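Peer 1: Just so it is clear, I am handing over start.tsv, which has TSV, C-alpha atoms.
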```tsv
chain	number	residue	atom	x	y	z
H	1	MET	CA	0.00	0.00	0.00
H	2	PRO	CA	1.14	3.60	-0.58
H	3	ARG	CA	2.82	5.00	2.47
H	4	GLY	CA	1.52	8.56	2.42
H	5	GLY	CA	4.42	10.91	1.83
H	6	ILE	CA	7.20	8.48	2.64
H	7	ASP	CA	10.10	8.66	0.23
H	8	MET	CA	10.90	5.70	-1.99
H	9	LYS	CA	14.34	4.68	-3.17
H	10	ALA	CA	15.16	5.39	-6.83
H	11	ALA	CA	18.13	5.37	-9.21
H	12	VAL	CA	18.18	8.79	-10.89
H	13	PHE	CA	20.29	9.63	-13.95
H	14	ARG	CA	22.28	12.75	-13.13
H	15	SER	CA	24.79	13.12	-15.97
H	16	ALA	CA	26.88	11.18	-18.45
H	17	ALA	CA	29.82	11.55	-16.08
H	18	GLY	CA	27.92	10.90	-12.87
H	19	GLY	CA	25.65	8.16	-14.18
H	20	LEU	CA	22.90	6.83	-11.94
H	21	GLN	CA	22.66	7.89	-8.32
H	22	ILE	CA	20.53	6.37	-5.57
H	23	GLU	CA	18.20	9.02	-4.17
H	24	ALA	CA	14.99	9.35	-2.17
H	25	LEU	CA	11.92	10.55	-4.08
H	26	PRO	CA	8.33	11.00	-2.89
H	27	ASP	CA	6.11	7.99	-3.37
H	28	PRO	CA	3.84	8.60	-6.40
H	29	LEU	CA	0.07	8.43	-6.10
H	30	PRO	CA	-2.22	7.04	-8.83
H	31	GLY	CA	-4.45	9.40	-10.76
H	32	PRO	CA	-7.86	8.55	-12.22
H	33	GLY	CA	-7.68	5.40	-14.33
H	34	GLU	CA	-4.21	4.57	-13.03
H	35	LEU	CA	-2.57	1.90	-10.90
H	36	LEU	CA	0.15	2.43	-8.36
H	37	LEU	CA	2.60	-0.42	-8.84
H	38	GLU	CA	5.14	-1.75	-6.40
H	39	VAL	CA	8.01	-2.54	-8.76
H	40	ARG	CA	8.96	-6.17	-8.11
H	41	LYS	CA	11.59	-6.57	-10.84
H	42	VAL	CA	12.88	-4.48	-13.74
H	43	GLY	CA	15.30	-5.28	-16.54
H	44	ILE	CA	18.12	-3.07	-17.81
H	45	CYS	CA	17.50	-2.24	-21.48
H	46	GLY	CA	20.17	-1.56	-24.09
H	47	SER	CA	18.26	1.45	-25.40
H	48	GLU	CA	18.77	3.14	-22.03
H	49	LEU	CA	22.48	2.35	-22.10
H	50	HIS	CA	22.75	3.88	-25.58
H	51	ALA	CA	20.70	6.94	-24.66
H	52	ALA	CA	22.80	7.63	-21.58
H	53	SER	CA	26.03	7.14	-23.53
H	54	PHE	CA	25.51	8.62	-26.98
H	55	HIS	CA	22.19	10.36	-27.49
H	56	ALA	CA	22.11	13.77	-25.78
H	57	PRO	CA	22.46	12.37	-22.25
H	58	GLU	CA	21.98	15.90	-20.93
H	59	ARG	CA	18.30	15.54	-21.86
H	60	LEU	CA	18.05	12.66	-19.39
H	61	GLU	CA	19.46	14.59	-16.44
H	62	GLY	CA	17.19	14.09	-13.44
H	63	ALA	CA	15.21	11.37	-15.19
H	64	LEU	CA	14.11	7.95	-14.07
H	65	MET	CA	14.58	5.07	-16.47
H	66	GLY	CA	13.59	1.41	-16.52
H	67	HIS	CA	10.67	0.14	-18.59
H	68	GLU	CA	10.94	-3.68	-18.49
H	69	ILE	CA	8.74	-3.88	-15.42
H	70	CYS	CA	6.89	-6.48	-13.41
H	71	GLY	CA	4.83	-4.77	-10.73
H	72	ARG	CA	2.29	-5.58	-8.04
H	73	VAL	CA	-0.80	-3.40	-7.66
H	74	ALA	CA	-0.41	-1.35	-4.47
H	75	ALA	CA	-3.26	1.14	-4.96
H	76	LEU	CA	-6.10	1.81	-7.39
H	77	GLY	CA	-6.84	5.17	-8.91
H	78	GLU	CA	-10.35	6.53	-9.21
H	79	GLY	CA	-12.53	4.54	-11.62
H	80	VAL	CA	-10.33	1.43	-11.81
H	81	SER	CA	-12.32	-1.79	-11.46
H	82	ASP	CA	-10.48	-4.31	-13.67
H	83	PHE	CA	-7.64	-4.90	-11.21
H	84	ALA	CA	-7.35	-5.72	-7.52
H	85	LEU	CA	-4.76	-5.01	-4.88
H	86	GLY	CA	-1.99	-7.59	-5.10
H	87	ASP	CA	-2.42	-8.36	-8.80
H	88	ARG	CA	0.88	-8.71	-10.65
H	89	VAL	CA	1.00	-6.86	-13.96
H	90	VAL	CA	3.30	-5.84	-16.78
H	91	PRO	CA	2.66	-2.24	-17.88
H	92	LEU	CA	3.14	-0.61	-21.24
H	93	PRO	CA	5.89	1.96	-20.54
H	94	PHE	CA	3.89	4.80	-22.07
H	95	ILE	CA	0.45	6.30	-21.53
H	96	GLY	CA	-1.74	7.52	-24.39
H	97	CYS	CA	-4.88	9.60	-24.12
H	98	GLY	CA	-7.05	6.51	-24.63
H	99	GLN	CA	-9.43	8.29	-27.00
H	100	CYS	CA	-7.63	9.13	-30.26
H	101	ALA	CA	-7.48	6.93	-33.36
H	102	MET	CA	-4.01	5.69	-32.44
H	103	CYS	CA	-5.02	4.64	-28.94
H	104	LEU	CA	-8.22	2.99	-30.16
H	105	THR	CA	-6.24	0.82	-32.61
H	106	ASP	CA	-3.60	-0.35	-30.10
H	107	LEU	CA	-1.06	2.18	-31.35
H	108	SER	CA	-0.92	4.36	-28.25
H	109	ARG	CA	2.86	4.68	-28.69
H	110	HIS	CA	1.97	7.12	-31.50
H	111	CYS	CA	-0.70	9.04	-29.58
H	112	PRO	CA	-0.17	12.82	-30.05
H	113	GLN	CA	-0.32	13.17	-26.26
H	114	VAL	CA	1.73	10.09	-25.38
H	115	ASP	CA	3.55	10.21	-22.05
H	116	TYR	CA	6.84	8.30	-21.98
H	117	GLN	CA	7.97	9.73	-18.63
H	118	THR	CA	5.57	8.38	-15.99
H	119	VAL	CA	5.99	4.59	-16.12
H	120	ARG	CA	9.48	3.96	-14.76
H	121	GLY	CA	11.05	0.99	-13.00
H	122	TYR	CA	14.39	2.05	-11.50
H	123	CYS	CA	12.47	2.83	-8.33
H	124	GLN	CA	10.23	1.15	-5.79
H	125	TYR	CA	6.87	2.52	-6.95
H	126	THR	CA	5.53	3.75	-10.27
H	127	ARG	CA	2.23	4.82	-11.78
H	128	ALA	CA	0.77	3.15	-14.87
H	129	ALA	CA	-2.42	3.44	-16.89
H	130	ALA	CA	-4.74	0.57	-15.95
H	131	ARG	CA	-5.78	0.23	-19.60
H	132	GLY	CA	-2.11	-0.34	-20.47
H	133	CYS	CA	-1.48	-3.21	-18.06
H	134	VAL	CA	-1.65	-6.96	-18.58
H	135	ARG	CA	-2.19	-9.27	-15.62
H	136	VAL	CA	0.59	-11.79	-14.96
H	137	PRO	CA	-0.84	-15.22	-14.07
H	138	GLU	CA	0.56	-17.60	-11.48
H	139	GLY	CA	3.28	-19.75	-12.97
H	140	ILE	CA	5.18	-16.81	-14.49
H	141	SER	CA	7.93	-15.60	-12.17
H	142	ASP	CA	8.62	-11.92	-11.62
H	143	GLU	CA	11.92	-12.37	-13.48
H	144	ALA	CA	10.23	-13.99	-16.47
H	145	ALA	CA	7.62	-11.23	-16.52
H	146	THR	CA	10.31	-8.59	-17.04
H	147	LEU	CA	11.04	-10.29	-20.37
H	148	VAL	CA	7.54	-9.54	-21.67
H	149	GLU	CA	8.63	-6.09	-22.86
H	150	PRO	CA	11.77	-7.09	-24.82
H	151	LEU	CA	10.02	-10.18	-26.17
H	152	ALA	CA	7.19	-7.95	-27.39
H	153	VAL	CA	9.72	-5.74	-29.20
H	154	GLY	CA	11.02	-8.79	-31.05
H	155	LEU	CA	7.51	-10.05	-31.77
H	156	GLN	CA	6.43	-6.74	-33.29
H	157	GLY	CA	9.56	-6.62	-35.43
H	158	VAL	CA	8.82	-10.05	-36.89
H	159	ARG	CA	5.22	-9.03	-37.53
H	160	ARG	CA	6.43	-5.83	-39.20
H	161	ALA	CA	8.50	-8.01	-41.54
H	162	ALA	CA	5.35	-9.90	-42.58
H	163	LEU	CA	7.11	-13.24	-42.16
H	164	GLN	CA	5.64	-16.06	-44.24
H	165	ALA	CA	6.05	-19.70	-43.25
H	166	GLY	CA	9.11	-21.24	-44.86
H	167	GLU	CA	11.08	-18.02	-45.33
H	168	ARG	CA	14.75	-17.68	-44.43
H	169	VAL	CA	15.60	-15.14	-41.73
H	170	LEU	CA	18.85	-13.51	-40.65
H	171	VAL	CA	19.01	-11.60	-37.37
H	172	THR	CA	21.99	-9.29	-36.90
H	173	GLY	CA	22.86	-8.66	-33.27
H	174	ALA	CA	22.68	-11.10	-30.37
H	175	GLY	CA	21.52	-8.78	-27.61
H	176	PRO	CA	18.13	-9.39	-25.97
H	177	ILE	CA	16.19	-7.78	-28.83
H	178	GLY	CA	18.03	-9.73	-31.51
H	179	LEU	CA	17.60	-12.99	-29.61
H	180	ALA	CA	13.92	-12.20	-29.00
H	181	ALA	CA	13.37	-11.48	-32.71
H	182	ALA	CA	15.14	-14.71	-33.68
H	183	PHE	CA	13.03	-16.66	-31.17
H	184	TRP	CA	9.79	-15.33	-32.64
H	185	ALA	CA	10.91	-15.77	-36.24
H	186	GLN	CA	11.48	-19.45	-35.53
H	187	ALA	CA	8.28	-19.80	-33.51
H	188	LEU	CA	6.20	-18.17	-36.24
H	189	GLY	CA	7.31	-20.44	-39.05
H	190	ALA	CA	10.66	-19.44	-40.53
H	191	ALA	CA	12.38	-22.30	-42.33
H	192	GLU	CA	15.76	-21.37	-40.89
H	193	VAL	CA	16.97	-18.57	-38.61
H	194	VAL	CA	20.60	-17.50	-38.38
H	195	VAL	CA	21.87	-15.15	-35.67
H	196	LEU	CA	24.89	-13.08	-36.75
H	197	ALA	CA	26.92	-11.39	-34.01
H	198	ARG	CA	30.27	-9.70	-33.76
H	199	SER	CA	31.65	-12.40	-31.48
H	200	ASP	CA	30.91	-15.81	-30.02
H	201	ARG	CA	29.93	-14.71	-26.52
H	202	ARG	CA	26.14	-15.15	-26.95
H	203	ARG	CA	26.27	-18.46	-28.84
H	204	ARG	CA	25.43	-20.56	-25.79
H	205	ILE	CA	22.45	-18.38	-24.88
H	206	ALA	CA	21.16	-18.61	-28.45
H	207	GLU	CA	21.49	-22.39	-28.36
H	208	GLN	CA	19.59	-22.54	-25.05
H	209	MET	CA	16.81	-20.57	-26.76
H	210	GLY	CA	16.60	-23.16	-29.53
H	211	LEU	CA	18.65	-21.14	-32.02
H	212	PRO	CA	21.60	-23.33	-33.07
H	213	LEU	CA	22.56	-21.44	-36.26
H	214	PHE	CA	24.95	-18.78	-34.99
H	215	VAL	CA	27.70	-16.94	-36.86
H	216	ALA	CA	30.43	-15.00	-35.05
H	217	GLY	CA	31.58	-12.39	-37.56
H	218	ASN	CA	35.05	-12.16	-36.08
H	219	GLU	CA	35.64	-15.86	-36.73
H	220	VAL	CA	34.81	-16.07	-40.45
H	221	ASP	CA	36.44	-14.65	-43.57
H	222	ASP	CA	33.19	-14.13	-45.50
H	223	GLU	CA	30.12	-13.72	-43.33
H	224	ILE	CA	27.74	-13.44	-46.31
H	225	GLU	CA	28.92	-16.77	-47.68
H	226	MET	CA	28.67	-18.40	-44.24
H	227	VAL	CA	25.15	-17.09	-43.62
H	228	GLN	CA	23.94	-18.27	-47.02
H	229	SER	CA	25.47	-21.70	-46.51
H	230	LEU	CA	23.53	-22.10	-43.26
H	231	LEU	CA	20.27	-20.70	-44.63
H	232	GLY	CA	20.45	-22.43	-47.99
H	233	GLY	CA	20.45	-19.09	-49.80
H	234	ALA	CA	20.24	-15.37	-49.14
H	235	PRO	CA	17.77	-14.40	-46.42
H	236	ASP	CA	14.27	-13.29	-47.37
H	237	ILE	CA	14.21	-11.14	-44.24
H	238	VAL	CA	16.95	-9.44	-42.24
H	239	LEU	CA	16.04	-8.20	-38.77
H	240	GLU	CA	18.64	-5.61	-37.75
H	241	ALA	CA	19.11	-5.49	-33.98
H	242	VAL	CA	22.53	-3.87	-33.68
H	243	GLY	CA	21.69	-0.17	-33.60
H	244	LEU	CA	25.17	1.03	-34.50
H	245	PRO	CA	26.51	2.80	-37.61
H	246	GLY	CA	26.93	0.38	-40.50
H	247	ALA	CA	24.22	-2.02	-39.37
H	248	LEU	CA	21.68	-1.02	-42.02
H	249	GLU	CA	24.18	-1.35	-44.85
H	250	GLN	CA	25.21	-4.74	-43.49
H	251	ALA	CA	21.56	-5.84	-43.56
H	252	VAL	CA	21.05	-4.62	-47.13
H	253	ASN	CA	24.18	-6.44	-48.25
H	254	HIS	CA	22.86	-9.71	-46.82
H	255	VAL	CA	19.21	-9.67	-47.91
H	256	ARG	CA	18.09	-11.23	-51.18
H	257	PRO	CA	16.74	-9.14	-54.07
H	258	LEU	CA	13.16	-8.09	-53.28
H	259	GLY	CA	13.79	-9.00	-49.65
H	260	ARG	CA	12.78	-7.09	-46.53
H	261	VAL	CA	14.93	-5.40	-43.92
H	262	VAL	CA	13.38	-4.35	-40.61
H	263	SER	CA	15.41	-2.24	-38.19
H	264	LEU	CA	14.81	-2.88	-34.50
H	265	GLY	CA	18.21	-1.63	-33.39
H	266	PHE	CA	17.00	1.84	-32.37
H	267	GLY	CA	20.30	3.37	-33.41
H	268	ASN	CA	20.75	6.91	-32.14
H	269	GLN	CA	23.98	7.84	-33.89
H	270	VAL	CA	24.25	9.30	-37.38
H	271	ASP	CA	24.53	6.54	-39.97
H	272	THR	CA	24.93	6.46	-43.73
H	273	LEU	CA	23.48	4.09	-46.29
H	274	ARG	CA	24.06	4.32	-50.02
H	275	PRO	CA	20.53	4.18	-51.44
H	276	ASP	CA	21.68	2.54	-54.65
H	277	LEU	CA	22.75	-0.57	-52.72
H	278	ALA	CA	19.14	-1.10	-51.69
H	279	THR	CA	17.66	0.20	-54.94
H	280	TRP	CA	19.52	-2.27	-57.16
H	281	LYS	CA	18.08	-5.09	-55.07
H	282	ASP	CA	14.55	-3.62	-54.72
H	283	VAL	CA	14.87	-3.96	-50.96
H	284	SER	CA	11.98	-2.96	-48.71
H	285	LEU	CA	13.30	-1.15	-45.63
H	286	ALA	CA	11.15	-0.60	-42.55
H	287	PHE	CA	11.61	0.44	-38.94
H	288	SER	CA	9.87	-0.99	-35.88
H	289	LEU	CA	9.58	1.04	-32.67
H	290	CYS	CA	7.87	-1.30	-30.25
H	291	TYR	CA	4.51	-2.90	-29.46
H	292	GLY	CA	0.92	-2.60	-28.41
H	293	LEU	CA	-1.12	-4.16	-25.65
H	294	ARG	CA	-2.00	-7.14	-27.86
H	295	ASP	CA	1.70	-7.96	-28.23
H	296	PHE	CA	2.08	-7.98	-24.43
H	297	GLU	CA	-0.97	-10.24	-24.15
H	298	HIS	CA	0.45	-12.66	-26.72
H	299	VAL	CA	3.80	-12.90	-24.93
H	300	VAL	CA	2.10	-13.48	-21.57
H	301	ARG	CA	-0.01	-16.28	-23.07
H	302	VAL	CA	3.09	-17.98	-24.49
H	303	LEU	CA	4.96	-17.76	-21.18
H	304	ALA	CA	1.89	-18.94	-19.26
H	305	ALA	CA	1.72	-21.99	-21.54
H	306	GLY	CA	5.12	-23.06	-20.24
H	307	GLU	CA	7.64	-21.50	-22.64
H	308	THR	CA	10.87	-21.04	-20.69
H	309	ARG	CA	13.61	-20.79	-23.32
H	310	PRO	CA	13.74	-16.95	-23.32
H	311	LEU	CA	14.78	-17.06	-19.65
H	312	ALA	CA	18.24	-18.06	-20.90
H	313	MET	CA	18.77	-14.36	-21.63
H	314	ILE	CA	18.77	-13.55	-17.89
H	315	THR	CA	22.38	-13.67	-16.74
H	316	SER	CA	22.43	-11.62	-13.50
H	317	GLY	CA	20.22	-10.35	-10.72
H	318	ILE	CA	21.06	-7.34	-8.54
H	319	GLY	CA	19.53	-5.00	-5.98
H	320	LEU	CA	18.75	-1.34	-6.64
H	321	ASP	CA	21.82	-0.19	-4.71
H	322	GLN	CA	24.00	-2.14	-7.16
H	323	LEU	CA	22.31	-0.64	-10.23
H	324	PRO	CA	24.60	2.39	-10.76
H	325	GLU	CA	27.69	0.19	-10.88
H	326	ALA	CA	26.03	-2.46	-13.04
H	327	PHE	CA	24.68	0.16	-15.45
H	328	ALA	CA	28.12	1.71	-15.87
H	329	GLY	CA	29.63	-1.72	-16.41
H	330	LEU	CA	27.18	-2.52	-19.19
H	331	GLN	CA	27.86	0.86	-20.80
H	332	ALA	CA	31.52	-0.12	-20.87
H	333	GLY	CA	30.73	-3.36	-22.70
H	334	GLY	CA	30.05	-5.79	-19.87
H	335	GLU	CA	29.40	-9.44	-20.64
H	336	ASP	CA	25.86	-9.75	-19.24
H	337	CYS	CA	22.97	-10.28	-21.62
H	338	LYS	CA	20.03	-9.32	-19.40
H	339	VAL	CA	20.39	-7.98	-15.86
H	340	ILE	CA	17.30	-8.00	-13.63
H	341	VAL	CA	17.05	-5.46	-10.81
H	342	SER	CA	15.14	-5.98	-7.54
H	343	PRO	CA	14.21	-2.51	-6.21
H	344	TRP	CA	13.38	-3.97	-2.81
H	345	GLY	CA	16.42	-6.26	-2.63
```
Transcribe the structure of this file into structure tokens.

Peer 2:
Amino acid sequence: MPRGGIDMKAAVFRSAAGGLQIEALPDPLPGPGELLLEVRKVGICGSELHAASFHAPERLEGALMGHEICGRVAALGEGVSDFALGDRVVPLPFIGCGQCAMCLTDLSRHCPQVDYQTVRGYCQYTRAAARGCVRVPEGISDEAATLVEPLAVGLQGVRRAALQAGERVLVTGAGPIGLAAAFWAQALGAAEVVVLARSDRRRRIAEQMGLPLFVAGNEVDDEIEMVQSLLGGAPDIVLEAVGLPGALEQAVNHVRPLGRVVSLGFGNQVDTLRPDLATWKDVSLAFSLCYGLRDFEHVVRVLAAGETRPLAMITSGIGLDQLPEAFAGLQAGGEDCKVIVSPWG
């Protein structure tokens, strides 16, 4: 239950040099149509690492981050009747107006009034829109529930690519989003899925997720030839999950003529791509931001049915007090794939 003016513990981003700092902030209170969530677990996302490192980190000063959240309902805002105290939920990390065409078609991430600042997990309590929460059933651990968000990113990317059964798929990047996209590509009917990474360090995790076709770029002379030998030809679809300069051109070089490239890498540095490379091949290039509530619901159903392979991505668990050091370590290229934070631990 909310504690009435008591300060919660939070990890606040202060500067690129200072990183995250543990501070006390007032407990939030839910507004109409909102839930107050006790944050049980939250994952560290690569997009936050990139934003704090490369993309105008001064704009994040004083901000809370953390959007891969599993929470427990601690209080109900006015008008909320679909949830009860104690329910575990995963919240969409943004709040739309709930009334515009975007919100009414499960595209609230593009609502003209969308709020990306309220739902935050590097703290002990957060507010969330009740209409943007999915209940977590018994049988799904808090840790597994934090994977709903990154798994939904991968799911939406595969859907954006309009994957047809029997197509060949290449995923570039073996971070959580790349591995999630590869998992869904295989689950949704791809004939073969190859994961291409810069090094071998995520091979074992990929194999534990049922993804045995893995290419470490630093171990082969010709990565295009190696990928095609594993796929049986050039990929119909390339899902780019690197987010660094050069990744789009790499994807275009790999994909077959008339193939599709979907970027999930959320790159925030200036990149260049020679248009003629894609034009000569009639490549379709698309970008995928994230997900809607239906994607969250789909992921929860799959996990509730007993799917456990994505849990291989979780490599560490820490308390909130350890978050600043862990965050800085990941910014510096740490080995962990997915770190789960316990704000109350």

Peer 1: Which residue, H:Ser108, H:Ile224, H:Pro324, H:Gly157, has the smallest gap to Arg14 in chain H when you use all atoms listed in the file?

Peer 2: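 Of H:Ser108, H:Ile224, H:Pro324, H:Gly157, the one nearest Arg14 in chain H, counting all atoms listed in the file, is H:Pro324.
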
Peer 1: Need to verify the contact set: range 186-189 of chain H, 8 Å, only C-alpha atoms, exclusion of same-chain residues closer than 6 positions in sequence. Can you return it as a ChimeraX atom specification?

Peer 2: /H:163-167

Peer 1: With C-alpha atoms kept, could you save the residues just selected as an mmCIF file, in the frame of the given file?

Peer 2:
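Just written: result.cif:
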```cif
data_model
loop_
_atom_site.group_PDB
_atom_site.id
_atom_site.type_symbol
_atom_site.label_atom_id
_atom_site.label_comp_id
_atom_site.auth_asym_id
_atom_site.auth_seq_id
_atom_site.Cartn_x
_atom_site.Cartn_y
_atom_site.Cartn_z
ATOM 1 C CA LEU H 163 7.110 -13.240 -42.160
ATOM 2 C CA GLN H 164 5.640 -16.060 -44.240
ATOM 3 C CA ALA H 165 6.050 -19.700 -43.250
ATOM 4 C CA GLY H 166 9.110 -21.240 -44.860
ATOM 5 C CA GLU H 167 11.080 -18.020 -45.330
#
```

Peer 1: What gap, in Å, lies between CA of Ser316 in chain H and CA of Ile340 in chain H?

Peer 2: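 CA of Ile340 in chain H lies at a distance of 6.3 Å from CA of Ser316 in chain H.
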
Peer 1: Expressed in Å to a single decimal, how great is the separation between CA of Ala312 in chain H and CA of Met209 in chain H?

Peer 2: 6.5 Å

Peer 1: At most 9 Å from (5.1, 8.4, -8.9), file frame, all atoms listed in the file: which residues, as an MDAnalysis selection string?

Peer 2: chainID H and resid 25:30 36 118:120 125:127

Peer 1: Counting only C-alpha atoms, which residues in range 265-302 of chain H sit no more than 8 Å from range 234-254 of chain H? For each one, give the nearest pair of atoms and the distance in Å, sorted by chain then residue number, as CSV.

Peer 2:
```
residue,atom,partner,partner_atom,distance
H:Gly265,CA,H:Gly243,CA,3.8
H:Phe266,CA,H:Gly243,CA,5.2
H:Gly267,CA,H:Gly243,CA,3.8
H:Asn268,CA,H:Gly243,CA,7.3
H:Gln269,CA,H:Pro245,CA,6.8
H:Val270,CA,H:Pro245,CA,6.9
H:Asp271,CA,H:Pro245,CA,4.8
H:Thr272,CA,H:Gly246,CA,7.2
H:Leu273,CA,H:Glu249,CA,5.7
H:Arg274,CA,H:Glu249,CA,7.7
H:Leu277,CA,H:Val252,CA,7.1
H:Ala278,CA,H:Val252,CA,6.1
H:Val283,CA,H:Val252,CA,7.3
```

Peer 1: Leaving out range 134-146 of chain H and any residue of its chain fewer than 4 positions from it, which residues lie within 8 Å of it when counting all atoms listed in the file, given as a list in words?

Peer 2: Arg40, Lys41, Val42, Gly43, Glu68, Ile69, Cys70, Asp87, Arg88, Val89, Val90, Pro91, Leu293, Phe296, Glu297, Val300, Leu303, Ala304, Leu311 and Ile340 of chain H

Peer 1: With distances taken over all atoms listed in the file, which of H:Ala305, H:Val194, H:Cys111, H:Val262 is nearest to Ser288 in chain H?

Peer 2: H:Val262

Peer 1: Grab the CA of Ala191 in chain H to CA of Val220 in chain H distance for me, in Å with one decimal place.

Peer 2: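 Going from CA of Ala191 in chain H over to CA of Val220 in chain H covers 23.4 Å.
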
Peer 1: Set the distance at 12 Å and use only C-alpha atoms: which residues neighbour Glu78 in chain H once local chain neighbours fewer than 5 positions away are removed? I'd like the list as a PyMOL selection string.

Peer 2: chain H and resi 29-36+83+129-130

Peer 1: Excluding Ala101 in chain H and its own-chain neighbours fewer than 5 positions away, which residues fall within 12 Å of it when counting only C-alpha atoms? Please give them as a ChimeraX atom specification.

Peer 2: /H:96,106-113

Peer 1: Go through H:Ala24, H:Leu320, H:Val171, H:Val153 and flag the residue nearest His298 in chain H, using only C-alpha atoms for the distances.

Peer 2: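 Closest to His298 in chain H of all the choices is H:Val153.
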
Peer 1: Find, counting all atoms listed in the file, the residue in H:Leu104, H:Cys133, H:Ala162, H:Val80 that gets nearest to Glu149 in chain H.

Peer 2: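 Of all the options, H:Cys133 lies closest to Glu149 in chain H.
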
Peer 1: Could you list as number ranges by chain every residue that has an atom within 10 Å of (10.5, -8.2, -30.1), using the file's coordinates and counting all atoms listed in the file?

Peer 2: H: 147-159, 176-185, 241, 264, 288-291, 295, 299

Peer 1: Report as a list in words all protein, DNA and RNA residues lying within 12 Å of Gln228 in chain H, evaluated on all atoms listed in the file, omitting residues in the same chain fewer than 5 positions from it.

Peer 2: Arg168, Val169, Leu170, Glu192, Val193, Val194, Val195, Leu196, Leu213, Val215, Asp222, Glu223, Gly233, Ala234, Pro235, Asp236, Asn253, His254, Val255 and Arg256 of chain H

Peer 1: Starting from the sparse input, extend range 294-305 of chain H to N, CA and C atoms and give the output as a short mmCIF file (atom, residue, chain, number, x, y, z; two decimals), keeping the file's coordinate frame.

Peer 2:
```cif
data_model
loop_
_atom_site.label_atom_id
_atom_site.label_comp_id
_atom_site.auth_asym_id
_atom_site.auth_seq_id
_atom_site.Cartn_x
_atom_site.Cartn_y
_atom_site.Cartn_z
N ARG H 294 -1.78 -5.78 -27.36
CA ARG H 294 -2.00 -7.14 -27.86
C ARG H 294 -0.70 -7.94 -27.94
N ASP H 295 0.41 -7.26 -28.23
CA ASP H 295 1.70 -7.96 -28.23
C ASP H 295 2.06 -8.43 -26.82
N PHE H 296 1.85 -7.57 -25.82
CA PHE H 296 2.08 -7.98 -24.43
C PHE H 296 1.21 -9.19 -24.09
N GLU H 297 -0.05 -9.13 -24.47
CA GLU H 297 -0.97 -10.24 -24.15
C GLU H 297 -0.51 -11.54 -24.79
N HIS H 298 -0.02 -11.46 -26.03
CA HIS H 298 0.45 -12.66 -26.72
C HIS H 298 1.66 -13.25 -26.00
N VAL H 299 2.61 -12.41 -25.62
CA VAL H 299 3.80 -12.90 -24.93
C VAL H 299 3.42 -13.54 -23.60
N VAL H 300 2.53 -12.92 -22.86
CA VAL H 300 2.10 -13.48 -21.57
C VAL H 300 1.45 -14.85 -21.78
N ARG H 301 0.62 -14.98 -22.80
CA ARG H 301 -0.01 -16.28 -23.07
C ARG H 301 1.04 -17.35 -23.36
N VAL H 302 2.05 -17.00 -24.14
CA VAL H 302 3.09 -17.98 -24.49
C VAL H 302 3.87 -18.39 -23.24
N LEU H 303 4.24 -17.43 -22.41
CA LEU H 303 4.96 -17.76 -21.18
C LEU H 303 4.08 -18.57 -20.23
N ALA H 304 2.80 -18.22 -20.15
CA ALA H 304 1.89 -18.94 -19.26
C ALA H 304 1.69 -20.38 -19.71
N ALA H 305 1.86 -20.63 -21.01
CA ALA H 305 1.72 -21.99 -21.54
C ALA H 305 2.94 -22.85 -21.27
#
```
